[in-house]
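Peer 1: Here it is, the structure, as structure tokens.
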Amino acid sequence: MESVTVLGSTGSIGVNTLDVIRLHSDRFQVFALTAFSQVDLLLQQCLEFKPVLAVIDGSRNAIDLQKKLHNRGLKTQVLEGSEGYRAAASEASVSTVVAAIVGAAGLEPTMAAVRSGKKILLANKESLVMAGKLFLKEVLRYNAKLLPVDSEHNAIFQCLPSSDSFKSLSQAGVRRILLTGSGGPFRQLPASEFDKVTPQQACQHPNWSMGAKISVDSATMMNKGLEYIEACWLFNAAPSQIQIVLHPQSIVHSMVEYVDGSVLAQMGVPDMRTPIANCLGWPERIAAPVQALDFTQLMQMEFSAPDEEKFRCLALAKSAMEVGRDAPAALNAANEEAVAAFLNSQLSFAGIAEVVDAVMQSWHAGEPSDIDAVKHADKRARSQAINVISAKVQQAG
Ligand code: NAD
Ligand code: MG
């Protein structure tokens, strides 16, 4: 039995992960489930999967959850907050950690899993964006195994030679990575309409059902920017080796082009349970509860180049990667603050790119020596973003 911790089990990726685990109860045993504040959903998950540990933020939530578990005769121990997330990620008996907390909050728990040499199923792209170089150094140092859950990166991973023999793109005969993206819900909306977009509209992705933050990132195309940075780190790719291609149907999940002209693509219905199952079973293939792709029903597959002038967040992310050092951490932090302000109706949709742009314009990038330095940069960029947002709110009022 493989013992698994799911960090962020109540989120979109977490729930999809448990769907796959449910199919393979002979193979996986859940050690810990964690959430931020959803006591009742976490309780339900505990009743079904009977983990040793459940972690939630805040002492009131923790007491509430412990009481409810006890009343139902469950022995699951409840821990609270960052200590708890760390314990869930690093417990010696755990072999696999699914890193599915959203945003910078995922960095510490994911690093704890890295430093405990776990097999890490990485959904939390923000941690790699923030700390890429340091993150990968620790993966090597602690002999952790990193498997990409993000559908595009999982597709690329599947189209590359086996990761044990993979050293570099050029040695593997790879000319380019073609990172695909749907273009989000506003691919065809004129930029002049961006001011009127509501949080509800931005969260309605045409092909994928996801958490609020990544849905907004998909709508601004910051998600594709973060994924571009994520791909640079995961596959040791130079920015020039990655081309972003829009593909609104989300059937091809990304491609790898080889020097002989061959292009390998991974395809499937847009359902995160496929890449999750691919990582959970790796190097074997295990079943996932997903629909088969029916080529007789596929109307068409389109491909085009993204419009970086309209989707400025994509251009900002690429340039942050170009600058390097702690610039991607600053970009990520500014974006998180701007997205939160947009979801709270404090900032317009168009304002997200403006806030990130303003923070990046005045950012003096420095090389972070350790994870604490990354967190410091994150904090600094957040406070700058908050200032920009406040100024905008005042201007509008
Ligand atoms: P979500 O908002 O649905 O879920 C987030 C999870 O993290 C929840 O369990 C929540 O309780 C927990 N959480 C939130 N804030 C926390 C905090 N401060 N401390 C501890 N736990 C916290 O998000 P999601 O859509 O499942 O995305 C999770 C991650 O996976 C993100 O990094 C996202 O970019 C990545 N990802 C998601 C998808 C998708 O289809 N949803 C696809 C690719 C990558
Ligand atoms: Mg993705």
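Identifiers for the structure tokens are assigned positionally: chains receive A, B, ... in sequence, residues are indexed from 1 per chain, and ligands are indexed from 1 in the order shown.
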Find the spatial neighbours of Ala385 in chain A, counting only C-alpha atoms, within a cut-off of 12 Å - ignore same-chain residues fewer than 2 positions away - and output them as a PDB file with C-alpha atoms, in the first residue's frame.
Peer 2:
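Saved result, around_14.pdb, follows:
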```pdb
ATOM      1  CA  ALA A 330       7.227  39.236  -7.089  1.00  0.00           C
ATOM      2  CA  LEU A 331       5.040  38.686 -10.148  1.00  0.00           C
ATOM      3  CA  ASN A 332       3.223  35.836  -8.436  1.00  0.00           C
ATOM      4  CA  ALA A 333       2.660  37.793  -5.219  1.00  0.00           C
ATOM      5  CA  ALA A 334       1.387  40.895  -7.028  1.00  0.00           C
ATOM      6  CA  ASN A 335      -0.914  38.718  -9.099  1.00  0.00           C
ATOM      7  CA  GLU A 336      -2.327  36.938  -6.035  1.00  0.00           C
ATOM      8  CA  GLU A 337      -3.149  40.254  -4.384  1.00  0.00           C
ATOM      9  CA  ALA A 338      -4.665  41.658  -7.576  1.00  0.00           C
ATOM     10  CA  VAL A 339      -6.779  38.541  -8.173  1.00  0.00           C
ATOM     11  CA  ALA A 340      -8.013  38.599  -4.567  1.00  0.00           C
ATOM     12  CA  ALA A 341      -8.955  42.277  -4.960  1.00  0.00           C
ATOM     13  CA  LEU A 347     -10.399  45.991  -8.632  1.00  0.00           C
ATOM     14  CA  GLY A 351      -6.806  46.327 -13.217  1.00  0.00           C
ATOM     15  CA  ILE A 352      -5.164  42.949 -12.535  1.00  0.00           C
ATOM     16  CA  ALA A 353      -2.576  43.405 -15.292  1.00  0.00           C
ATOM     17  CA  GLU A 354      -2.131  47.068 -14.327  1.00  0.00           C
ATOM     18  CA  VAL A 355      -1.316  46.183 -10.716  1.00  0.00           C
ATOM     19  CA  VAL A 356       1.141  43.460 -11.694  1.00  0.00           C
ATOM     20  CA  ASP A 357       2.724  45.774 -14.253  1.00  0.00           C
ATOM     21  CA  ALA A 358       3.130  48.589 -11.709  1.00  0.00           C
ATOM     22  CA  VAL A 359       4.818  46.295  -9.188  1.00  0.00           C
ATOM     23  CA  MET A 360       7.142  44.779 -11.790  1.00  0.00           C
ATOM     24  CA  GLN A 361       8.105  48.209 -13.187  1.00  0.00           C
ATOM     25  CA  SER A 362       9.606  49.240  -9.867  1.00  0.00           C
ATOM     26  CA  TRP A 363      10.934  45.825  -8.838  1.00  0.00           C
ATOM     27  CA  ASP A 378       6.762  37.730  -1.734  1.00  0.00           C
ATOM     28  CA  LYS A 379       5.824  39.870   1.237  1.00  0.00           C
ATOM     29  CA  ARG A 380       7.438  42.982  -0.186  1.00  0.00           C
ATOM     30  CA  ALA A 381       5.715  42.607  -3.565  1.00  0.00           C
ATOM     31  CA  ARG A 382       2.380  42.025  -1.835  1.00  0.00           C
ATOM     32  CA  SER A 383       2.614  45.234   0.121  1.00  0.00           C
ATOM     33  CA  ASN A 387      -0.553  50.105  -2.223  1.00  0.00           C
ATOM     34  CA  VAL A 388      -1.228  50.200  -5.945  1.00  0.00           C
ATOM     35  CA  ILE A 389      -4.679  48.685  -5.407  1.00  0.00           C
ATOM     36  CA  SER A 390      -5.537  51.190  -2.636  1.00  0.00           C
ATOM     37  CA  ALA A 391      -4.493  54.083  -4.864  1.00  0.00           C
ATOM     38  CA  LYS A 392      -6.757  52.730  -7.615  1.00  0.00           C
TER      39      LYS A 392
END
```
Peer 1: How would you write, as an MDAnalysis selection string, the set of residues no farther than 12 Å from ligand 2 when counting only C-alpha atoms and all ligand atoms?
Peer 2: chainID A and resid 13 122:126 148:156 179:184 207:210 214:215 217:218 221:231 250 252:254 270:272 275
Peer 1: Looking at A:Val129, A:Asp19, A:Lys118, A:Arg325, which one is nearest to Ala104 in chain A, with distances taken over only C-alpha atoms?
Peer 2: A:Val129
Peer 1: Pick out each residue of range 69-160 of chain A that DSSP on the backbone tags as helix (DSSP H, G or I); I need them as a ChimeraX atom specification.
Peer 2: /A:69-71,81-90,104-115,125-141,151-159
Peer 1: Using only C-alpha atoms, which of A:Ala32, A:Leu7, A:Ile276, A:Leu79 sits nearest Thr110 in chain A?
Peer 2: A:Leu7
Peer 1: Smallest atom-to-atom distance to Asn278 in chain A: which of A:Phe49, A:Tyr258, A:Tyr142, A:Phe157, using only C-alpha atoms?
Peer 2: A:Phe157
Peer 1: Just the residues within 12 Å of Met1 in chain A, please, counting only C-alpha atoms, with nothing from its chain fewer than 4 positions along; format it as a list in words.
Peer 2: Ile21, His24, Ser25, Asp26, Arg27, Phe28, Gln29, Val30, Phe31, Ser93, Val94, Ser95 and Thr96 of chain A
Peer 1: Ranking A:Ala54, A:Ala87, A:Val102, A:Met111 by minimum distance to ligand 1 and counting only C-alpha atoms and all ligand atoms, which one comes first?
Peer 2: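 Using only C-alpha atoms and all ligand atoms, ligand 1 sits closest to A:Val102.
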Peer 1: Please identify the strand (DSSP E) residues within range 125-372 of chain A (assignment by DSSP from backbone atoms) and present them as a PyMOL selection string.
Peer 2: chain A and resi 145-148+174-181+242-246+252-258+263-267
Peer 1: Which residues come within 7 Å of Leu147 in chain A, counting only C-alpha atoms, excluding same-chain residues fewer than 4 positions away, as a PDB file with N, CA, C and O atoms, in the first residue's frame?
Peer 2:
```pdb
ATOM      1  N   ILE A 120       6.428  13.748  -5.127  1.00  0.00           N
ATOM      2  CA  ILE A 120       5.523  14.902  -5.046  1.00  0.00           C
ATOM      3  C   ILE A 120       4.751  15.066  -6.338  1.00  0.00           C
ATOM      4  O   ILE A 120       5.331  15.208  -7.421  1.00  0.00           O
ATOM      5  N   LEU A 121       3.449  15.040  -6.223  1.00  0.00           N
ATOM      6  CA  LEU A 121       2.574  15.296  -7.365  1.00  0.00           C
ATOM      7  C   LEU A 121       2.256  16.781  -7.330  1.00  0.00           C
ATOM      8  O   LEU A 121       1.455  17.237  -6.518  1.00  0.00           O
ATOM      9  N   LEU A 122       2.934  17.541  -8.186  1.00  0.00           N
ATOM     10  CA  LEU A 122       2.875  18.997  -8.076  1.00  0.00           C
ATOM     11  C   LEU A 122       1.743  19.609  -8.897  1.00  0.00           C
ATOM     12  O   LEU A 122       1.789  19.627 -10.122  1.00  0.00           O
ATOM     13  N   CYS A 279       0.172  10.538 -12.697  1.00  0.00           N
ATOM     14  CA  CYS A 279       1.192  10.755 -11.668  1.00  0.00           C
ATOM     15  C   CYS A 279       1.063   9.742 -10.528  1.00  0.00           C
ATOM     16  O   CYS A 279       2.060   9.222 -10.036  1.00  0.00           O
TER      17      CYS A 279
END
```
Peer 1: Can you work out which one of A:Asn344, A:Ser262, A:Thr274, A:Gln201 has the shortest atom-to-atom distance to ligand 1, counting only C-alpha atoms and all ligand atoms?
Peer 2: A:Thr274
Peer 1: Nearest to ligand 1: which of A:Ile63, A:Met130, A:Leu47, A:Val174 is it, counting only C-alpha atoms and all ligand atoms?
Peer 2: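 When distances to ligand 1 are compared using only C-alpha atoms and all ligand atoms, the smallest one comes from A:Met130.
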